[in-house]
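One structure below.
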Amino acid sequence: MVSVPSGRVTLSDRRTRRSWPVEVASCRLAAFPVTRAAYARVTGRRPPAAGEERLPVAEVSWTDAVGFCNALSVREGLRPVYRVDEGAGTGEGDEVIWDTSADGYRLPTEAEWEHACRAGTDGPRYGPLDDIARYRGNSREGVHEVGGMLPNAWGLYDTLGNVWEWCWDLYDAEVYGAYRVLRGGGWFDEHWSCRASVRRRSHPTFRVDDVGFRVARSAGGAGQALVG
């Protein structure tokens, strides 16, 4: 887990041509996306094939990611962040409630994610794309092990490229209902999708082969997230 300092970030959406500033509190964010090996150990799923242990887990829904965060919290003796009320109220399946007083693992907000991805920079990327990200131009159209490219100044790897990452936030509730935010671009994306500001959306139950996630904890949380 990497300590991310507090700060201010301006989020933007090309679809609506809207931008809005967000104050971001300090937090801790996993240096890498969750790997297949870590996901299997925490959830009890079948272990990955030999040689695939450090590939980022993909084809996981937002709901799967929430479940992983709670399971990892329990495994480490922490209080789970999320309460899941199955089929409650929304007409979109499970309702997930974030207990902000809990000390367990969670998904980053998109403001936390972009602030951490930028690591004090203000351009579209924190370095030359071919040095920091696996995208369509250098991925050979396949996923790669986490940590294979250069990290940003705060020690975070693969925030751009390799797999898109689920964030906590709703994308636009009035237009898209329960759809959640994805950030970072993936191995099949062109260079213009691998930028700190790019937002994508997906239904919280969808599973796609270039979508994964990384875990966060609120400030003051210690401990080590499982990586590989």
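Residue numbering restarts at 1 in every chain; chains get A, B, ... in the order shown in the structure tokens, and ligands count up from 1 in that same order.
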Please produce, as a Markdown table, a per-residue contact table for stretch 7-87 of chain A versus stretch 161-178 of chain A (criterion: any atom at most 9 Å away, only C-alpha atoms considered), showing the nearest atom pair and its distance in Å to one decimal, sorted by chain then residue number.
| residue | atom | partner | partner_atom | distance |
| --- | --- | --- | --- | --- |
| A:Pro33 | CA | A:Glu165 | CA | 7.9 |
| A:Pro56 | CA | A:Val163 | CA | 7.3 |
| A:Val57 | CA | A:Val163 | CA | 8.6 |
| A:Ala58 | CA | A:Val163 | CA | 7.3 |
| A:Ser61 | CA | A:Trp166 | CA | 8.3 |
| A:Trp62 | CA | A:Trp166 | CA | 6.2 |
| A:Ala65 | CA | A:Trp166 | CA | 7.8 |
| A:Val66 | CA | A:Trp168 | CA | 8.9 |
For the residues in the current selection, export C-alpha atoms as a PDB file, in the first residue's frame.
ATOM      1  CA  PRO A  33      -3.940  -3.824  -9.428  1.00  0.00           C
ATOM      2  CA  PRO A  56      -4.062  -8.595 -13.018  1.00  0.00           C
ATOM      3  CA  VAL A  57      -7.383 -10.228 -12.330  1.00  0.00           C
ATOM      4  CA  ALA A  58      -9.941  -9.315 -15.003  1.00  0.00           C
ATOM      5  CA  SER A  61     -17.588  -6.972 -11.977  1.00  0.00           C
ATOM      6  CA  TRP A  62     -17.822  -3.954  -9.707  1.00  0.00           C
ATOM      7  CA  ALA A  65     -14.614  -6.100  -6.498  1.00  0.00           C
ATOM      8  CA  VAL A  66     -16.753  -4.935  -3.571  1.00  0.00           C
TER       9      VAL A  66
END
Contacts between stretch 19-29 of chain A and stretch 71-175 of chain A, please, where a residue of stretch 71-175 of chain A counts if it comes within 12 Å (with only C-alpha atoms); show its shortest atom pair and distance in Å to one decimal, rows by chain and ascending number, as JSON lines.
{"residue": "A:Asp103", "atom": "CA", "partner": "A:Cys27", "partner_atom": "CA", "distance": 11.3}
{"residue": "A:Gly104", "atom": "CA", "partner": "A:Arg28", "partner_atom": "CA", "distance": 11.2}
{"residue": "A:Tyr105", "atom": "CA", "partner": "A:Leu29", "partner_atom": "CA", "distance": 9.5}
{"residue": "A:Arg106", "atom": "CA", "partner": "A:Leu29", "partner_atom": "CA", "distance": 9.5}
{"residue": "A:Leu107", "atom": "CA", "partner": "A:Leu29", "partner_atom": "CA", "distance": 9.0}
{"residue": "A:Pro108", "atom": "CA", "partner": "A:Leu29", "partner_atom": "CA", "distance": 7.6}
{"residue": "A:Thr109", "atom": "CA", "partner": "A:Val24", "partner_atom": "CA", "distance": 9.4}
{"residue": "A:Glu110", "atom": "CA", "partner": "A:Val22", "partner_atom": "CA", "distance": 10.0}
{"residue": "A:Ala111", "atom": "CA", "partner": "A:Val22", "partner_atom": "CA", "distance": 6.7}
{"residue": "A:Glu112", "atom": "CA", "partner": "A:Val24", "partner_atom": "CA", "distance": 6.2}
{"residue": "A:Trp113", "atom": "CA", "partner": "A:Leu29", "partner_atom": "CA", "distance": 8.6}
{"residue": "A:Glu114", "atom": "CA", "partner": "A:Val24", "partner_atom": "CA", "distance": 10.0}
{"residue": "A:His115", "atom": "CA", "partner": "A:Val24", "partner_atom": "CA", "distance": 7.6}
{"residue": "A:Ala116", "atom": "CA", "partner": "A:Leu29", "partner_atom": "CA", "distance": 8.1}
{"residue": "A:Cys117", "atom": "CA", "partner": "A:Leu29", "partner_atom": "CA", "distance": 10.3}
{"residue": "A:Trp154", "atom": "CA", "partner": "A:Leu29", "partner_atom": "CA", "distance": 10.3}
{"residue": "A:Gly155", "atom": "CA", "partner": "A:Leu29", "partner_atom": "CA", "distance": 10.0}
{"residue": "A:Leu156", "atom": "CA", "partner": "A:Leu29", "partner_atom": "CA", "distance": 8.2}
{"residue": "A:Tyr157", "atom": "CA", "partner": "A:Leu29", "partner_atom": "CA", "distance": 10.7}
{"residue": "A:Thr159", "atom": "CA", "partner": "A:Leu29", "partner_atom": "CA", "distance": 10.9}
Quiz prompt | Test item, strand (DSSP E) assignment across stretch 12-213 of chain A, answer as a PyMOL selection string | solution = chain A and resi 12-13+18-24+27-29+82-85+95-98+164-170+180-183+199-202+211-212
Practice problem: Kindly give the distance, in Å, that separates atom CA of A:Ile97 and atom CA of A:Leu11, rounded to a single decimal. | Solution: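 Answer for the atom CA of A:Ile97 to atom CA of A:Leu11 separation: 23.4 Å.
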Quiz prompt | Using only C-alpha atoms: which of A:Ala31, A:Leu160, A:Leu55, A:Ala50 has the shortest distance to A:Val146 | solution =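 Using only C-alpha atoms, the shortest distance to A:Val146 belongs to A:Leu55.
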Quiz prompt | Counting only C-alpha atoms, the option among A:Arg14, A:Arg75, A:Gly148, A:Phe32 closest to A:Gly44 | solution = A:Arg75
Do you have, as JSON lines, the list of residues of stretch 67-155 of chain A lying at most 8 Å from stretch 194-209 of chain A, each with its nearest atom pair and that distance in Å to one decimal, counting only C-alpha atoms and ordered by chain then number?
{"residue": "A:Glu114", "atom": "CA", "partner": "A:Ala196", "partner_atom": "CA", "distance": 6.0}
{"residue": "A:Cys117", "atom": "CA", "partner": "A:Ala196", "partner_atom": "CA", "distance": 6.4}
{"residue": "A:Arg118", "atom": "CA", "partner": "A:Ala196", "partner_atom": "CA", "distance": 6.5}
{"residue": "A:Pro124", "atom": "CA", "partner": "A:Arg195", "partner_atom": "CA", "distance": 5.1}
{"residue": "A:Arg125", "atom": "CA", "partner": "A:Arg195", "partner_atom": "CA", "distance": 5.6}
{"residue": "A:Ala133", "atom": "CA", "partner": "A:Cys194", "partner_atom": "CA", "distance": 7.9}
{"residue": "A:Tyr135", "atom": "CA", "partner": "A:Cys194", "partner_atom": "CA", "distance": 7.4}
Quiz prompt | Top pick for closest residue to A:Ala30, considering A:Asp130, A:Val4, A:Met149, A:Tyr179 and counting only C-alpha atoms | solution =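 Looking only at the distances to A:Ala30, the closest residue turns out to be A:Val4.
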